[in-house]
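Novice: One structure follows; several queries about it will come next.
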Amino acid sequence: MRAAIDGKRYLLVLDDLWEEHLSTWLSLKTLLLGGARGSKILITTRLSSAAEITGTAPPHLLEGLSENKALAKDYCELGELNGLNDIRGRLCIENLGGVIDAVAESKAANLIGKHYLESLELEWGDFDIDDAVIGNRDEALLDGLRPHSNLQKLKIYGYKGESLPRWMMDNLVSSLPNLVEVCFHDCGRCKSLPTLGQLLHLKTLEIRNMTELEYIEADHSSTLTESFPNLLELEISSCVKLKAMPPAPHLEQIRLTRAHPALINMIVGLNMLKILEILNMEFLECVPEECWKSLASLEKLDIKRCPRLTSLSKAAPPPPLLGTRHQSNQVDLDSSDPEELDLSNYDESSGGNNNHHLILELHSLRSVDLSYLPKLASLPQWLLQASNLEDLSIRFCMELDICKTKAATTTTTSSWIPMEDSITVSAPWISLSFQN
């Protein structure tokens with residue numbers, strides 16, 4: 001090596017150096033001293049100790065790439081999907097945020113030519129690019145990634161456009177009539193969703209982390225007698241501006257997480273609902289009494305981490321016939337604040353016909369979990385007299401008298417529990433299991 005560089009001006013790159021011993025470095029350095037003036041040695045290393053013993057100038061620290069950016073440096077171009085028209089089953093395309101020529105690459109992918117594709121997942125990933133720039137790029141990209149009409153499942157993650165393409169917004173039921181499952185996750189700039197209620201076969205809908213979403217388009221020209229005719233499962237999470245959606249009368253499962261409190265009223269009239277989960281609803285103060293009256297099929301109820309919730313049965317005015325201007329056929333009830341029904345002084349001997357109706361309607365209820373509801377002061381009578389209840393868990397509801405017990409552990413019986421069953425109270429929570 002010394003003969004090769006002797007008297008010559010050179011640039012030597014020692015890449016990914018792991019040597020930490022000074023004596024070894026000094027031996028190598030001796031061999032490199034014969035070069036002409038201006039010769040340079042560039043060293044890259046992951047070890048700060050190696051940089052210290054070899055450097056004659058301060059090191060330049062490079063930050064590591066995120067996983068998405070690292071993958072994007074060597075990603076496959078979408079055009080490589082062009083001829084794979086016999087692909088079947090599920091296709092997941094990741095790191096779409098790294099696509100540069102959105103129009104050309106999306107068209108080259110030819111997703112619309114893949115007749116046998118059943119499930120499509122489009123994931124943008126996390127790329128630090130100006131929102132306005134990436135938003136326009138994403139809109140063009142998704143416009144070109146239109147799949148074939150035979151598609152059954154569509155999942156979109158991390159899309160940063162403000163609007164969805166025309167093939168979705170203008171007439172989704174014509175573009176993708178066979179959808180049974182649709183998921184929109186982390187589409188943080190998108191303000192509206194298409195007329196999902198037209199999809200005759202849709203059974204599962206997930207909408208998560210869409211902080212700017214304001215409404216779901218309603219179709220005023222549809223000949224359908226009802227929207228979402230076959231929707232069974234609905235999840236809405238972290239969509240704080242969404243106050244209403246088209247009715248879905250056949251729902252069997254609902255999960256509302258960090259949602260606008262007005263959405264709680266969508267459960268009115270859902271006589272097929274089996275599972276209801278209300279989680280992390282910061283501004284929810286009550287669940288109107290009207291919501292419970294038709295829940296004849298309800299089997300499981302979970303209400304957790306709603307710090308302002310004071311009542312599970314509160315009288316409410318009749319719902320309006322129309323929703324917002326965007327949703328003239330939608331349920332859109334704003335939270336009201338009428339006088340609260342005082343269930344703590346409820347006396348069955350005095351009548352209570354309205355509550356008796358609720359008791360009869362909730363005969364299917366088997367499991368209830370009430371957790372971290374610090375302002376809930378009383379349990380509604382329809383819960384206390386749910387005759388088929390099998391499991392009841394109450395945790396950190398510190399305003400309830402039963403959670404204020406001074407005894408660390410108490411075993412007792414109550415008239416609303418089936419004969420010979422017992423409650424175990426262990427502050428600050430109670431857990432009950434009834435055996436028939």
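The chains in the structure tokens are called A, B, ... from first to last as shown; in each chain the residues are counted from 1, and the ligands are counted from 1 in the order shown.
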Which residues come within 8 Å of Leu117 (chain A), counting only C-alpha atoms, excluding same-chain residues fewer than 2 positions away, as a PyMOL selection string?
Specialist: chain A and resi 87-91+114-115+119-120+148+150-151
Novice: Identify, on the basis of only C-alpha atoms, every residue whose closest approach to Val180 (chain A) does not exceed 6 Å; exclude the query and any residue fewer than 4 positions from it along the same chain; express the result as a PDB file with N, CA, C and O atoms, in the first residue's frame.
Specialist:
```
ATOM      1  N   GLN A 152     -62.748  -6.690  -2.401  1.00  0.00           N
ATOM      2  CA  GLN A 152     -63.651  -6.873  -1.265  1.00  0.00           C
ATOM      3  C   GLN A 152     -63.197  -6.135  -0.002  1.00  0.00           C
ATOM      4  O   GLN A 152     -64.031  -5.782   0.823  1.00  0.00           O
ATOM      5  N   HIS A 201     -72.792  -4.487   0.488  1.00  0.00           N
ATOM      6  CA  HIS A 201     -72.185  -5.655   1.118  1.00  0.00           C
ATOM      7  C   HIS A 201     -71.264  -5.296   2.279  1.00  0.00           C
ATOM      8  O   HIS A 201     -70.671  -6.195   2.890  1.00  0.00           O
ATOM      9  N   LEU A 202     -71.133  -4.013   2.600  1.00  0.00           N
ATOM     10  CA  LEU A 202     -70.198  -3.577   3.629  1.00  0.00           C
ATOM     11  C   LEU A 202     -70.625  -4.094   5.002  1.00  0.00           C
ATOM     12  O   LEU A 202     -71.748  -3.845   5.452  1.00  0.00           O
ATOM     13  N   LYS A 203     -69.705  -4.811   5.686  1.00  0.00           N
ATOM     14  CA  LYS A 203     -69.992  -5.364   6.998  1.00  0.00           C
ATOM     15  C   LYS A 203     -69.129  -4.758   8.100  1.00  0.00           C
ATOM     16  O   LYS A 203     -69.546  -4.724   9.256  1.00  0.00           O
TER      17      LYS A 203
END
```
Novice: Mind listing the strand (DSSP E) residues of region 142-325 of chain A, per DSSP on the backbone, as number ranges by chain?
Specialist: A: 153-157, 181-185, 192-193, 204-208, 215-216, 233-237, 253-257, 275-279, 286-288, 300-304, 311-314
Novice: Using C-alpha atoms, can you export the residues from the last selection as a PDB file, in the first residue's frame?
Specialist:
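To be explicit, this is the file written out as result_24.pdb:
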```pdb
ATOM      1  CA  LYS A 153     -61.382  -5.233   1.343  1.00  0.00           C
ATOM      2  CA  LEU A 154     -59.757  -1.795   1.178  1.00  0.00           C
ATOM      3  CA  LYS A 155     -57.471  -0.390   3.889  1.00  0.00           C
ATOM      4  CA  ILE A 156     -55.764   3.002   3.639  1.00  0.00           C
ATOM      5  CA  TYR A 157     -53.121   4.053   6.186  1.00  0.00           C
ATOM      6  CA  GLU A 181     -64.537  -4.196   4.777  1.00  0.00           C
ATOM      7  CA  VAL A 182     -63.194  -0.623   4.660  1.00  0.00           C
ATOM      8  CA  CYS A 183     -60.554   0.933   6.936  1.00  0.00           C
ATOM      9  CA  PHE A 184     -59.260   4.516   6.991  1.00  0.00           C
ATOM     10  CA  HIS A 185     -56.418   5.006   9.492  1.00  0.00           C
ATOM     11  CA  SER A 192     -64.766  13.996   4.293  1.00  0.00           C
ATOM     12  CA  LEU A 193     -65.396  10.395   3.329  1.00  0.00           C
ATOM     13  CA  THR A 204     -66.996  -3.769   8.751  1.00  0.00           C
ATOM     14  CA  LEU A 205     -66.000  -0.085   8.863  1.00  0.00           C
ATOM     15  CA  GLU A 206     -63.024   1.336  10.791  1.00  0.00           C
ATOM     16  CA  ILE A 207     -62.228   5.052  10.936  1.00  0.00           C
ATOM     17  CA  ARG A 208     -59.244   5.940  13.126  1.00  0.00           C
ATOM     18  CA  TYR A 215     -68.667  14.349   7.749  1.00  0.00           C
ATOM     19  CA  ILE A 216     -69.412  11.242   5.751  1.00  0.00           C
ATOM     20  CA  GLU A 233     -69.180  -3.676  12.988  1.00  0.00           C
ATOM     21  CA  LEU A 234     -68.222  -0.010  13.364  1.00  0.00           C
ATOM     22  CA  GLU A 235     -65.190   1.563  15.024  1.00  0.00           C
ATOM     23  CA  ILE A 236     -64.630   5.314  15.234  1.00  0.00           C
ATOM     24  CA  SER A 237     -61.492   6.473  17.036  1.00  0.00           C
ATOM     25  CA  GLN A 253     -70.876  -3.988  17.470  1.00  0.00           C
ATOM     26  CA  ILE A 254     -69.790  -0.368  18.054  1.00  0.00           C
ATOM     27  CA  ARG A 255     -66.561   0.987  19.503  1.00  0.00           C
ATOM     28  CA  LEU A 256     -66.283   4.735  20.078  1.00  0.00           C
ATOM     29  CA  THR A 257     -62.871   5.948  21.272  1.00  0.00           C
ATOM     30  CA  ILE A 275     -71.507  -5.083  21.935  1.00  0.00           C
ATOM     31  CA  LEU A 276     -71.105  -1.420  22.879  1.00  0.00           C
ATOM     32  CA  GLU A 277     -67.729   0.044  23.881  1.00  0.00           C
ATOM     33  CA  ILE A 278     -67.369   3.703  24.884  1.00  0.00           C
ATOM     34  CA  LEU A 279     -63.727   4.511  25.611  1.00  0.00           C
ATOM     35  CA  CYS A 286     -74.146  11.666  29.995  1.00  0.00           C
ATOM     36  CA  VAL A 287     -75.683   8.892  27.948  1.00  0.00           C
ATOM     37  CA  PRO A 288     -79.248   9.991  27.152  1.00  0.00           C
ATOM     38  CA  LYS A 300     -71.758  -6.590  26.530  1.00  0.00           C
ATOM     39  CA  LEU A 301     -71.300  -2.993  27.700  1.00  0.00           C
ATOM     40  CA  ASP A 302     -67.890  -1.393  28.356  1.00  0.00           C
ATOM     41  CA  ILE A 303     -67.567   2.254  29.388  1.00  0.00           C
ATOM     42  CA  LYS A 304     -64.055   3.306  30.385  1.00  0.00           C
ATOM     43  CA  SER A 311     -74.997   9.713  34.385  1.00  0.00           C
ATOM     44  CA  LEU A 312     -75.857   6.583  32.400  1.00  0.00           C
ATOM     45  CA  SER A 313     -79.527   7.478  32.141  1.00  0.00           C
ATOM     46  CA  LYS A 314     -80.460  11.054  31.496  1.00  0.00           C
TER      47      LYS A 314
END
```
Novice: Nearest to Ser39 (chain A): which of A:Glu52, A:Asp6, A:Glu118, A:Asp126 is it, counting only C-alpha atoms?
Specialist: A:Asp6
Novice: Need the shell around region 241-250 of chain A: protein/DNA/RNA residues with any atom at most 7 Å away, counting only C-alpha atoms. Skip same-chain ones fewer than 5 positions apart. Format as a PyMOL selection string?
Specialist: chain A and resi 197+211-216+218+227-232+260+262-263+270+272+329-332
Novice: Tell me which protein, DNA and RNA residues are within 12 Å of Leu33 (chain A), counting only C-alpha atoms, leaving out same-chain ones fewer than 5 positions away, and put them as a compact mmCIF listing (two decimals) with N, CA, C and O atoms, in the first residue's frame.
Specialist:
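And here's result_3.txt as it stands now:
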```txt
# COMPACT_ATOMS: atom_id res chain seq x y z
N MET A 1 0.83 -1.20 0.00
CA MET A 1 0.00 0.00 0.00
C MET A 1 0.88 1.26 0.00
O MET A 1 0.58 2.23 -0.73
N ARG A 2 1.96 1.23 0.77
CA ARG A 2 2.80 2.43 0.86
C ARG A 2 3.43 2.75 -0.49
O ARG A 2 3.54 3.91 -0.88
N ALA A 3 3.81 1.70 -1.24
CA ALA A 3 4.39 1.93 -2.57
C ALA A 3 3.37 2.51 -3.53
O ALA A 3 3.70 3.33 -4.40
N ALA A 4 2.12 2.13 -3.36
CA ALA A 4 1.07 2.59 -4.27
C ALA A 4 0.76 4.06 -4.07
O ALA A 4 0.40 4.77 -5.02
N ILE A 5 0.91 4.58 -2.87
CA ILE A 5 0.53 5.97 -2.60
C ILE A 5 1.73 6.89 -2.46
O ILE A 5 1.55 8.11 -2.34
N ASP A 6 2.90 6.37 -2.46
CA ASP A 6 4.10 7.18 -2.21
C ASP A 6 4.22 8.32 -3.22
O ASP A 6 4.25 8.10 -4.43
N GLY A 7 4.26 9.54 -2.73
CA GLY A 7 4.40 10.72 -3.56
C GLY A 7 3.16 11.14 -4.30
O GLY A 7 3.19 12.10 -5.08
N LYS A 8 2.04 10.47 -4.05
CA LYS A 8 0.80 10.79 -4.76
C LYS A 8 -0.22 11.42 -3.81
O LYS A 8 -0.24 11.14 -2.61
N ARG A 9 -1.04 12.27 -4.40
CA ARG A 9 -2.13 12.87 -3.64
C ARG A 9 -3.34 11.91 -3.71
O ARG A 9 -3.77 11.55 -4.80
N TYR A 10 -3.84 11.55 -2.55
CA TYR A 10 -4.87 10.52 -2.57
C TYR A 10 -6.01 10.85 -1.60
O TYR A 10 -5.85 11.65 -0.67
N LEU A 26 -2.31 3.61 14.97
CA LEU A 26 -1.03 4.28 14.75
C LEU A 26 -0.15 3.48 13.78
O LEU A 26 0.58 4.05 12.98
N SER A 27 -0.25 2.14 13.86
CA SER A 27 0.53 1.31 12.93
C SER A 27 0.05 1.52 11.50
O SER A 27 0.87 1.62 10.56
N LEU A 28 -1.25 1.61 11.31
CA LEU A 28 -1.80 1.84 9.97
C LEU A 28 -1.47 3.24 9.49
O LEU A 28 -1.11 3.44 8.31
N GLY A 38 -1.92 17.46 0.76
CA GLY A 38 -3.33 17.54 0.37
C GLY A 38 -4.04 16.21 0.40
O GLY A 38 -5.25 16.14 0.17
N SER A 39 -3.35 15.13 0.70
CA SER A 39 -3.99 13.82 0.80
C SER A 39 -4.95 13.80 2.01
O SER A 39 -4.70 14.45 3.03
N LYS A 40 -6.02 13.04 1.87
CA LYS A 40 -7.04 13.00 2.92
C LYS A 40 -7.44 11.55 3.22
O LYS A 40 -7.43 10.69 2.33
N ILE A 41 -7.79 11.32 4.47
CA ILE A 41 -8.34 10.03 4.88
C ILE A 41 -9.73 10.31 5.49
O ILE A 41 -9.85 11.09 6.43
```
Novice: Which of region 118-250 of chain A end up as alpha helix (DSSP H) when DSSP is run on this backbone - answer as a ChimeraX atom specification?
Specialist: /A:131-144,166-169,172-175
Novice: From the options A:Lys293, A:Arg395, A:Arg189, A:Arg308, which residue's atoms come nearest to Met281 (chain A), counting only C-alpha atoms?
Specialist: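 The answer is A:Arg308, which sits nearest to Met281 (chain A).
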Novice: Would you list the contacts of Leu141 (chain A) as a ChimeraX atom specification, taking every protein, DNA or RNA residue within 12 Å and counting only C-alpha atoms, but skipping same-chain residues closer than 4 positions in sequence?
Specialist: /A:78,96-109,122-124,134-137,145-146,159-161,164-165
Novice: Counting only C-alpha atoms, which of A:Ile402, A:Leu42, A:Thr56, A:Leu31 gets nearest to Val13 (chain A)?
Specialist: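 The shortest atom-to-atom distance to Val13 (chain A) comes from A:Leu42.
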Novice: For His60 (chain A), work out the shell of residues within 12 Å, counting only C-alpha atoms and skipping chain neighbours fewer than 5 positions away, then give it as a PyMOL selection string.
Specialist: chain A and resi 42-46+48+51-52+55
Novice: When you look at Leu400 (chain A) with a cut-off of 9 Å (counting only C-alpha atoms), what residues show up, excluding the ones that are within fewer than 5 positions of it in the same chain? I need them as a list of chain:residue names.
Specialist: A:Pro374, A:Lys375, A:Leu376, A:Ala377, A:Ser378, A:Leu379
Novice: For the selection just defined, write its residues with C-alpha atoms to a file, as a PDB file, in the first residue's frame.
Specialist:
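Generated file (selection05.pdb):
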```pdb
ATOM      1  CA  PRO A 374     -64.581   9.497  38.519  1.00  0.00           C
ATOM      2  CA  LYS A 375     -67.808  11.561  38.349  1.00  0.00           C
ATOM      3  CA  LEU A 376     -70.344   8.766  37.973  1.00  0.00           C
ATOM      4  CA  ALA A 377     -72.458   9.170  41.111  1.00  0.00           C
ATOM      5  CA  SER A 378     -75.094   6.457  40.741  1.00  0.00           C
ATOM      6  CA  LEU A 379     -75.961   3.335  38.795  1.00  0.00           C
TER       7      LEU A 379
END
```
